[in-house]
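S.K.: Take a look at the following structure, please.
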Number of protein chains: 2
Amino acid sequence: MERIIYVEETLRLTKDLIRFRSTRANPDEINRCADFIESYLKKYRIEYQRLNYRQTPSILVAPQRDTVPVMLMTHMDVVEGPDELFEPYEKDGKLYGRGSIDDKYAVALSLVMLKENLQRLHKQGDRQSDLPFGILVTGDEEIGGANGAKKALPRVKADFCIALDGGGIDKIVIKEKGIVHLKVISRGKSGHAARPWLGVNAIENLIADYQVLRTYFKAKAPDHWHRTLNFSRIHAGKSINQIPDYAEAVFDVRYTENDDIEELVEKVRDDISGQIIVEKKEPMFVGGDSPYLDLLLAIAKGTRVGCEHGASDARFLSQSETKGIVWGADGDMSQHSANEYVHINSIARLYELLDRFMRKVPEIDRW
Amino acid sequence: MERIIYVEETLRLTKDLIRFRSTRANPDEINRCADFIESYLKKYRIEYQRLNYRQTPSILVAPQRDTVPVMLMTHMDVVEGPDELFEPYEKDGKLYGRGSIDDKYAVALSLVMLKENLQRLHKQGDRQSDLPFGILVTGDEEIGGANGAKKALPRVKADFCIALDGGGIDKIVIKEKGIVHLKVISRGKSGHAARPWLGVNAIENLIADYQVLRTYFKAKAPDHWHRTLNFSRIHAGKSINQIPDYAEAVFDVRYTENDDIEELVEKVRDDISGQIIVEKKEPMFVGGDSPYLDLLLAIAKGTRVGCEHGASDARFLSQSETKGIVWGADGDMSQHSANEYVHINSIARLYELLDRFMRKVPEIDRW
């Protein structure tokens, strides 16, 4: 009976959260969504902090001011979608809607689990400071986390962080590839299109440079655990009757622990005629060994560890050398799609496993 | 003494015309420039028609309503430039300014030559209908001539048309390449940039199609009289973390009488994976043999005939099968540049040759 109560509450709360159109384009809705979470915490007299960096709200609940054994991290912002995606509905054991799997079910789950655990502590005469875990809900994961996870995580020293934002019941993610954004700029010499032999075409130069760049991404590894290159964008040329003298392209590169990106960029720089610029470099997420992970794997029989190609806010754990994982319910890779959903029974299973885990956390020697 | 008077007047009038910023962005200025030309014609009691197609003015002076032995065609519109280019000045025997060589000196020259010839006829007791030539000044040559030359030329049947808009004292242009604008559209399958193996990149498909397209433009001929391909513009890709599913590029093709463009496009269509679309096809200008050309070459000793790679309004002569040439003063290819100029002595020489030619025109058997 207990299971049904907290699953029902988690579902109800998830639906409430989905109705907030908390996208990048609607910062007010992200703030209203944070207000809603605050009202939930206030209702249950849970102490929290509302953080705010560059108009991006985060909600942080920690048992004590500075340290916490386990942190559950989720996010309330979502990617854009048509209107109907913001009206949730259930069908065939799935909950549909924008944010259902990414990541509002997880916000709801962490809130309910927090409240349930706190009420249990209160019954035992204990207080919030005796909680084995805290929660962090951020507001900008979908646009890079620079004012959410990146700023909030350093405020509380956690022994172990569970980013409920990926993987699946059967797969705990312990590594995610890093991200590099490269820009290549090629130049030429303008002139009239009727006399191409008098100019130098910057688009042709850029294509030649790309043919060189791609040769650096030929290596293959099992399960695609190798660096990859995506030709994301190119814009060049103005008038149709002109030889273009400027062309630029941007590339999304994903890398593994086997890659030395700085060295690679230097080699490419020597090899191409244009300029190459590293516009952004984000670290890999590497969770690391931990007694918390061992405990979780002992509880979640049949769950194995694995790697993920996409990146998440978990990469910010590397800055504070916090151990962690990325884990979550099952959504069959429907995040960001027009058909986003979460399997309801996987929410129940996740809750159960996490709850058993949290009860055992106090037995772990903290170091 | 006579030479100095009409050259001085042509120069003065050219400077007045340069001061009108008659660019595509300023249709009012093109109309004010047409008003100025009207006032000149009125002053000398010359009969004219002001044509207007889609807000584009042209000025037409014909000796008789329907036919004319020779038509002098020029244009009053210019390409854009910084403010200072619209303030003409003379230096080292050159007149500088936007439109100095392209094509306001020619507008001025045709007006002065018209007035001088008419005054001579009046002294002999003859009238405007006895003129051996007419003039046409259009307002949209720089943007394709669709509402200028294309519409005005069919209104008067000329035996021979001289487009004073290219070549040079020593070179009469009797052929210009034709223009084709091609668009290539490639498609792919979108997906997340972290997993490029799950999608199909439209930019890569487009580059592959371009590599095929360019093989059709390998042939060479003396003096570059072969078809050419210019990669003018490409725009593709939105978010950096997406595999683009759409890419498009436009190409400026120039062709000669040795090319069958329809056949070429069909072959390319079979060879590439994307779509190929002919967005525009403009005919070549082929002047053809003519006793008027023979006469002009007999008068202008040392002037030879040749070909031009760029196109001009002269291509509209082909629609009415009018014979013609492109000719003009010397500007050392400075048209459209920030340093546009015309050699003043070449204006004098052009005037003298044309004037001698016009006096002989009545001797030619019209057929």
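Residues are named by chain letter and number: chains run A, B, ... in the order of the structure tokens, numbers start at 1 in each chain, and ligands are numbered from 1 in the order shown.
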Show me, as a Markdown table, the residues of chain A having an atom within 6 Å of chain B, each with the closest atom pair and its distance in Å, using only C-alpha atoms.
M.R.:
| residue | atom | partner | partner_atom | distance |
| --- | --- | --- | --- | --- |
| A:Ala193 | CA | B:Asn230 | CA | 5.8 |
| A:Ala194 | CA | B:Gly310 | CA | 5.3 |
| A:Asn230 | CA | B:Ala193 | CA | 5.8 |
| A:Ser232 | CA | B:Ile240 | CA | 5.1 |
| A:Arg233 | CA | B:Gly237 | CA | 4.1 |
| A:Ile234 | CA | B:Ala236 | CA | 5.4 |
| A:His235 | CA | B:His235 | CA | 4.7 |
| A:Ala236 | CA | B:Ile234 | CA | 5.4 |
| A:Gly237 | CA | B:Arg233 | CA | 4.1 |
| A:Ile240 | CA | B:Ser232 | CA | 5.1 |
| A:His309 | CA | B:Ala194 | CA | 5.6 |
| A:Gly310 | CA | B:Ala194 | CA | 5.2 |
S.K.: Can I get the selected residues back with all heavy atoms, as a PDB file, in the first residue's frame?
M.R.:
ATOM      1  N   ALA A 193      31.653  36.391 -59.853  1.00  0.00           N
ATOM      2  CA  ALA A 193      31.403  34.967 -60.104  1.00  0.00           C
ATOM      3  C   ALA A 193      31.591  34.586 -61.565  1.00  0.00           C
ATOM      4  O   ALA A 193      31.770  33.405 -61.880  1.00  0.00           O
ATOM      5  CB  ALA A 193      29.981  34.611 -59.665  1.00  0.00           C
ATOM      6  N   ALA A 194      31.569  35.567 -62.464  1.00  0.00           N
ATOM      7  CA  ALA A 194      31.761  35.258 -63.883  1.00  0.00           C
ATOM      8  C   ALA A 194      33.224  34.945 -64.204  1.00  0.00           C
ATOM      9  O   ALA A 194      33.522  34.413 -65.265  1.00  0.00           O
ATOM     10  CB  ALA A 194      31.284  36.430 -64.746  1.00  0.00           C
ATOM     11  N   ASN A 230      30.814  15.844 -35.497  1.00  0.00           N
ATOM     12  CA  ASN A 230      29.558  16.163 -36.190  1.00  0.00           C
ATOM     13  C   ASN A 230      29.696  17.519 -36.868  1.00  0.00           C
ATOM     14  O   ASN A 230      30.034  18.508 -36.225  1.00  0.00           O
ATOM     15  CB  ASN A 230      28.382  16.212 -35.206  1.00  0.00           C
ATOM     16  CG  ASN A 230      27.061  16.509 -35.911  1.00  0.00           C
ATOM     17  OD1 ASN A 230      26.624  15.747 -36.771  1.00  0.00           O
ATOM     18  ND2 ASN A 230      26.423  17.625 -35.565  1.00  0.00           N
ATOM     19  N   SER A 232      28.115  20.441 -37.708  1.00  0.00           N
ATOM     20  CA  SER A 232      26.866  20.980 -37.166  1.00  0.00           C
ATOM     21  C   SER A 232      26.285  22.123 -37.984  1.00  0.00           C
ATOM     22  O   SER A 232      25.075  22.232 -38.129  1.00  0.00           O
ATOM     23  CB  SER A 232      27.086  21.488 -35.741  1.00  0.00           C
ATOM     24  OG  SER A 232      27.535  20.453 -34.907  1.00  0.00           O
ATOM     25  N   ARG A 233      27.165  22.977 -38.502  1.00  0.00           N
ATOM     26  CA  ARG A 233      26.655  24.220 -39.088  1.00  0.00           C
ATOM     27  C   ARG A 233      27.680  24.809 -40.038  1.00  0.00           C
ATOM     28  O   ARG A 233      28.873  24.760 -39.764  1.00  0.00           O
ATOM     29  CB  ARG A 233      26.397  25.205 -37.939  1.00  0.00           C
ATOM     30  CG  ARG A 233      25.337  26.229 -38.198  1.00  0.00           C
ATOM     31  CD  ARG A 233      24.775  26.798 -36.899  1.00  0.00           C
ATOM     32  NE  ARG A 233      25.808  27.313 -36.015  1.00  0.00           N
ATOM     33  CZ  ARG A 233      25.685  27.406 -34.692  1.00  0.00           C
ATOM     34  NH1 ARG A 233      24.575  26.993 -34.090  1.00  0.00           N
ATOM     35  NH2 ARG A 233      26.651  27.889 -33.957  1.00  0.00           N
ATOM     36  N   ILE A 234      27.199  25.373 -41.124  1.00  0.00           N
ATOM     37  CA  ILE A 234      28.074  26.123 -42.028  1.00  0.00           C
ATOM     38  C   ILE A 234      27.292  27.286 -42.607  1.00  0.00           C
ATOM     39  O   ILE A 234      26.130  27.133 -42.961  1.00  0.00           O
ATOM     40  CB  ILE A 234      28.652  25.229 -43.148  1.00  0.00           C
ATOM     41  CG1 ILE A 234      29.524  26.051 -44.110  1.00  0.00           C
ATOM     42  CG2 ILE A 234      27.553  24.493 -43.920  1.00  0.00           C
ATOM     43  CD1 ILE A 234      30.361  25.214 -45.063  1.00  0.00           C
ATOM     44  N   HIS A 235      27.941  28.432 -42.626  1.00  0.00           N
ATOM     45  CA  HIS A 235      27.311  29.600 -43.222  1.00  0.00           C
ATOM     46  C   HIS A 235      28.375  30.348 -44.001  1.00  0.00           C
ATOM     47  O   HIS A 235      29.391  30.736 -43.448  1.00  0.00           O
ATOM     48  CB  HIS A 235      26.683  30.509 -42.166  1.00  0.00           C
ATOM     49  CG  HIS A 235      25.458  29.889 -41.569  1.00  0.00           C
ATOM     50  ND1 HIS A 235      24.278  29.799 -42.257  1.00  0.00           N
ATOM     51  CD2 HIS A 235      25.261  29.287 -40.385  1.00  0.00           C
ATOM     52  CE1 HIS A 235      23.389  29.180 -41.512  1.00  0.00           C
ATOM     53  NE2 HIS A 235      23.954  28.858 -40.365  1.00  0.00           N
ATOM     54  N   ALA A 236      28.119  30.544 -45.281  1.00  0.00           N
ATOM     55  CA  ALA A 236      29.106  31.235 -46.095  1.00  0.00           C
ATOM     56  C   ALA A 236      28.467  31.767 -47.356  1.00  0.00           C
ATOM     57  O   ALA A 236      27.548  31.152 -47.898  1.00  0.00           O
ATOM     58  CB  ALA A 236      30.238  30.281 -46.456  1.00  0.00           C
ATOM     59  N   GLY A 237      28.965  32.921 -47.803  1.00  0.00           N
ATOM     60  CA  GLY A 237      28.520  33.471 -49.067  1.00  0.00           C
ATOM     61  C   GLY A 237      27.397  34.471 -48.913  1.00  0.00           C
ATOM     62  O   GLY A 237      26.518  34.307 -48.082  1.00  0.00           O
ATOM     63  N   ILE A 240      24.966  36.000 -54.950  1.00  0.00           N
ATOM     64  CA  ILE A 240      25.190  34.835 -55.809  1.00  0.00           C
ATOM     65  C   ILE A 240      26.256  35.121 -56.862  1.00  0.00           C
ATOM     66  O   ILE A 240      26.958  34.215 -57.292  1.00  0.00           O
ATOM     67  CB  ILE A 240      23.865  34.369 -56.460  1.00  0.00           C
ATOM     68  CG1 ILE A 240      24.090  33.064 -57.224  1.00  0.00           C
ATOM     69  CG2 ILE A 240      23.268  35.431 -57.371  1.00  0.00           C
ATOM     70  CD1 ILE A 240      22.903  32.192 -57.335  1.00  0.00           C
ATOM     71  N   HIS A 309      27.182   8.395 -24.345  1.00  0.00           N
ATOM     72  CA  HIS A 309      27.822   9.263 -25.330  1.00  0.00           C
ATOM     73  C   HIS A 309      27.488  10.727 -25.088  1.00  0.00           C
ATOM     74  O   HIS A 309      28.314  11.606 -25.277  1.00  0.00           O
ATOM     75  CB  HIS A 309      27.406   8.829 -26.728  1.00  0.00           C
ATOM     76  CG  HIS A 309      27.789   7.415 -27.008  1.00  0.00           C
ATOM     77  ND1 HIS A 309      29.074   7.053 -27.299  1.00  0.00           N
ATOM     78  CD2 HIS A 309      27.066   6.268 -26.957  1.00  0.00           C
ATOM     79  CE1 HIS A 309      29.126   5.742 -27.452  1.00  0.00           C
ATOM     80  NE2 HIS A 309      27.923   5.239 -27.250  1.00  0.00           N
ATOM     81  N   GLY A 310      26.260  10.974 -24.658  1.00  0.00           N
ATOM     82  CA  GLY A 310      25.850  12.351 -24.409  1.00  0.00           C
ATOM     83  C   GLY A 310      26.390  12.853 -23.082  1.00  0.00           C
ATOM     84  O   GLY A 310      26.751  12.068 -22.197  1.00  0.00           O
TER      85      GLY A 310
END
S.K.: Do you have the CA of Asp126 in chain B-CA of Val361 in chain B distance handy?
M.R.: 16.0 Å
S.K.: Which of these residues is nearest to Arg50 in chain A, using only C-alpha atoms: A:Asn117, A:Thr138, A:Ser346, A:Thr322?
M.R.: A:Thr138
S.K.: Expressed in Å to a single decimal, how great is the separation between CA of Ser186 in chain B and CA of His226 in chain B?
M.R.: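 Between CA of Ser186 in chain B and CA of His226 in chain B the gap is 27.4 Å.
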S.K.: For Leu296 in chain B, find every residue with an atom within 9 Å (counting only C-alpha atoms), except residues of its own chain fewer than 2 positions away, and show them as a ChimeraX atom specification.
M.R.: /B:291-294,298-301,353-354,356-357
S.K.: Take the residues just selected and output them with N, CA, C and O atoms as a JSON list (two decimals), in the first residue's frame.
M.R.:
[["chain", "number", "residue", "atom", "x", "y", "z"],
["B", 291, "PRO", "N", 26.11, 44.80, -90.99],
["B", 291, "PRO", "CA", 26.82, 45.87, -91.73],
["B", 291, "PRO", "C", 27.14, 47.05, -90.81],
["B", 291, "PRO", "O", 28.09, 47.78, -91.06],
["B", 292, "TYR", "N", 26.36, 47.20, -89.72],
["B", 292, "TYR", "CA", 26.65, 48.29, -88.77],
["B", 292, "TYR", "C", 27.96, 48.02, -88.05],
["B", 292, "TYR", "O", 28.78, 48.92, -87.85],
["B", 293, "LEU", "N", 28.16, 46.75, -87.67],
["B", 293, "LEU", "CA", 29.42, 46.39, -87.01],
["B", 293, "LEU", "C", 30.58, 46.58, -87.98],
["B", 293, "LEU", "O", 31.63, 47.12, -87.61],
["B", 294, "ASP", "N", 30.38, 46.18, -89.24],
["B", 294, "ASP", "CA", 31.43, 46.36, -90.25],
["B", 294, "ASP", "C", 31.79, 47.84, -90.38],
["B", 294, "ASP", "O", 32.96, 48.20, -90.46],
["B", 298, "ALA", "N", 35.31, 49.70, -89.45],
["B", 298, "ALA", "CA", 36.05, 50.45, -90.49],
["B", 298, "ALA", "C", 36.43, 51.83, -89.96],
["B", 298, "ALA", "O", 37.49, 52.36, -90.28],
["B", 299, "ILE", "N", 35.57, 52.41, -89.14],
["B", 299, "ILE", "CA", 35.83, 53.74, -88.58],
["B", 299, "ILE", "C", 36.83, 53.66, -87.43],
["B", 299, "ILE", "O", 37.74, 54.48, -87.33],
["B", 300, "ALA", "N", 36.62, 52.69, -86.54],
["B", 300, "ALA", "CA", 37.46, 52.59, -85.35],
["B", 300, "ALA", "C", 38.65, 51.69, -85.65],
["B", 300, "ALA", "O", 38.66, 50.49, -85.32],
["B", 301, "LYS", "N", 39.63, 52.25, -86.27],
["B", 301, "LYS", "CA", 40.83, 51.48, -86.61],
["B", 301, "LYS", "C", 41.50, 51.02, -85.31],
["B", 301, "LYS", "O", 41.61, 51.79, -84.36],
["B", 353, "LEU", "N", 34.37, 58.65, -82.30],
["B", 353, "LEU", "CA", 34.15, 57.48, -83.15],
["B", 353, "LEU", "C", 32.66, 57.26, -83.39],
["B", 353, "LEU", "O", 32.23, 57.00, -84.52],
["B", 354, "LEU", "N", 31.86, 57.38, -82.30],
["B", 354, "LEU", "CA", 30.42, 57.16, -82.44],
["B", 354, "LEU", "C", 29.79, 58.22, -83.33],
["B", 354, "LEU", "O", 28.90, 57.94, -84.13],
["B", 356, "ARG", "N", 31.20, 59.91, -85.77],
["B", 356, "ARG", "CA", 31.52, 59.63, -87.18],
["B", 356, "ARG", "C", 30.67, 58.48, -87.69],
["B", 356, "ARG", "O", 30.20, 58.49, -88.83],
["B", 357, "PHE", "N", 30.48, 57.47, -86.82],
["B", 357, "PHE", "CA", 29.65, 56.31, -87.17],
["B", 357, "PHE", "C", 28.21, 56.75, -87.47],
["B", 357, "PHE", "O", 27.64, 56.38, -88.50]]
S.K.: Please list as a ChimeraX atom specification every residue within 7 Å of Asp170 in chain A, counting only C-alpha atoms and excluding residues in the same chain fewer than 4 positions away.
M.R.: /A:302-304
S.K.: Next, the residues of the selection above should be written as a CSV table (one decimal), in the first residue's frame with N, CA and C atoms.
M.R.:
chain,number,residue,atom,x,y,z
A,302,GLY,N,21.1,-7.0,-11.0
A,302,GLY,CA,20.8,-7.0,-12.5
A,302,GLY,C,21.1,-5.7,-13.1
A,303,THR,N,21.3,-4.7,-12.3
A,303,THR,CA,21.8,-3.4,-12.9
A,303,THR,C,23.3,-3.4,-13.1
A,304,ARG,N,23.7,-3.0,-14.3
A,304,ARG,CA,25.1,-3.0,-14.6
A,304,ARG,C,25.6,-1.5,-14.8
S.K.: Show which residues sit within 12 Å of Glu352 in chain B, as JSON, numbers by chain. Count only C-alpha atoms, and ignore same-chain residues fewer than 6 positions away.
M.R.: {"B": [2, 3, 4, 6, 7, 109, 113, 169, 296, 299, 300, 329, 345, 346, 358, 359]}
S.K.: Rounded to one decimal place, report the CA of Leu17 in chain A-CA of Ala152 in chain A distance in Å.
M.R.: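 Those two atoms sit 21.4 Å apart.
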S.K.: Which one of A:Tyr341, A:Tyr351, A:Phe316, A:Phe160 sits closest to Gly93 in chain A if you count only C-alpha atoms?
M.R.: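 Under the stated criterion, the closest residue is A:Tyr341.
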S.K.: So that I can see what lies close to Ile143 in chain A, please list as a PyMOL selection string the residues with an atom at most 12 Å from it, counting only C-alpha atoms and leaving out residues fewer than 6 positions away in the same chain.
M.R.: (chain A and resi 23-25+56+75+77-80+149-150+311-313) or (chain B and resi 239-241)
S.K.: I'd like the neighbourhood of His343 in chain A as a list in words, where a residue qualifies if any of its atoms comes within 12 Å (using only C-alpha atoms), though same-chain residues fewer than 6 positions away should be ignored.
M.R.: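 These residues fall inside the cut-off: Leu11, Glu90, Lys91, Asp92, Gly93, Lys94, Leu95, Tyr96, Gly97, Ser100, Ile101, Tyr105, Gly168, Ile169, Gly328, Ala329, Asp330, Gly331, Asp332, Met333, Ser334, Arg349 and Leu350 of chain A.
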S.K.: Can you check which residues of range 83-219 of chain B DSSP gives as alpha helix (DSSP H) on the backbone and send them as a count of residues only?
M.R.: 36
S.K.: Using only C-alpha atoms for the distances, tell me which of A:Ser22, A:Leu51, A:Ile37, A:Gln124 is nearest to Leu153 in chain A.
M.R.: A:Leu51
S.K.: Taking only C-alpha atoms into account, name the residue in A:Val61, A:Arg120, A:Ser110, A:Asp140 that is nearest to Ile30 in chain A.
M.R.: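 Among A:Val61, A:Arg120, A:Ser110, A:Asp140, it is A:Asp140 that comes nearest to Ile30 in chain A.
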S.K.: Which is closest to Pro69 in chain B among B:Asp165, B:Asp223, B:Asp159, B:Glu248, if we use only C-alpha atoms?
M.R.: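 Smallest distance to Pro69 in chain B is found for B:Asp159.
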S.K.: Choose the residue, out of B:Leu111, B:Leu85, B:Ile162, B:Thr10, that has the smallest atom-to-atom separation from Lys42 in chain B; count only C-alpha atoms.
M.R.: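 Smallest distance to Lys42 in chain B is found for B:Leu111.
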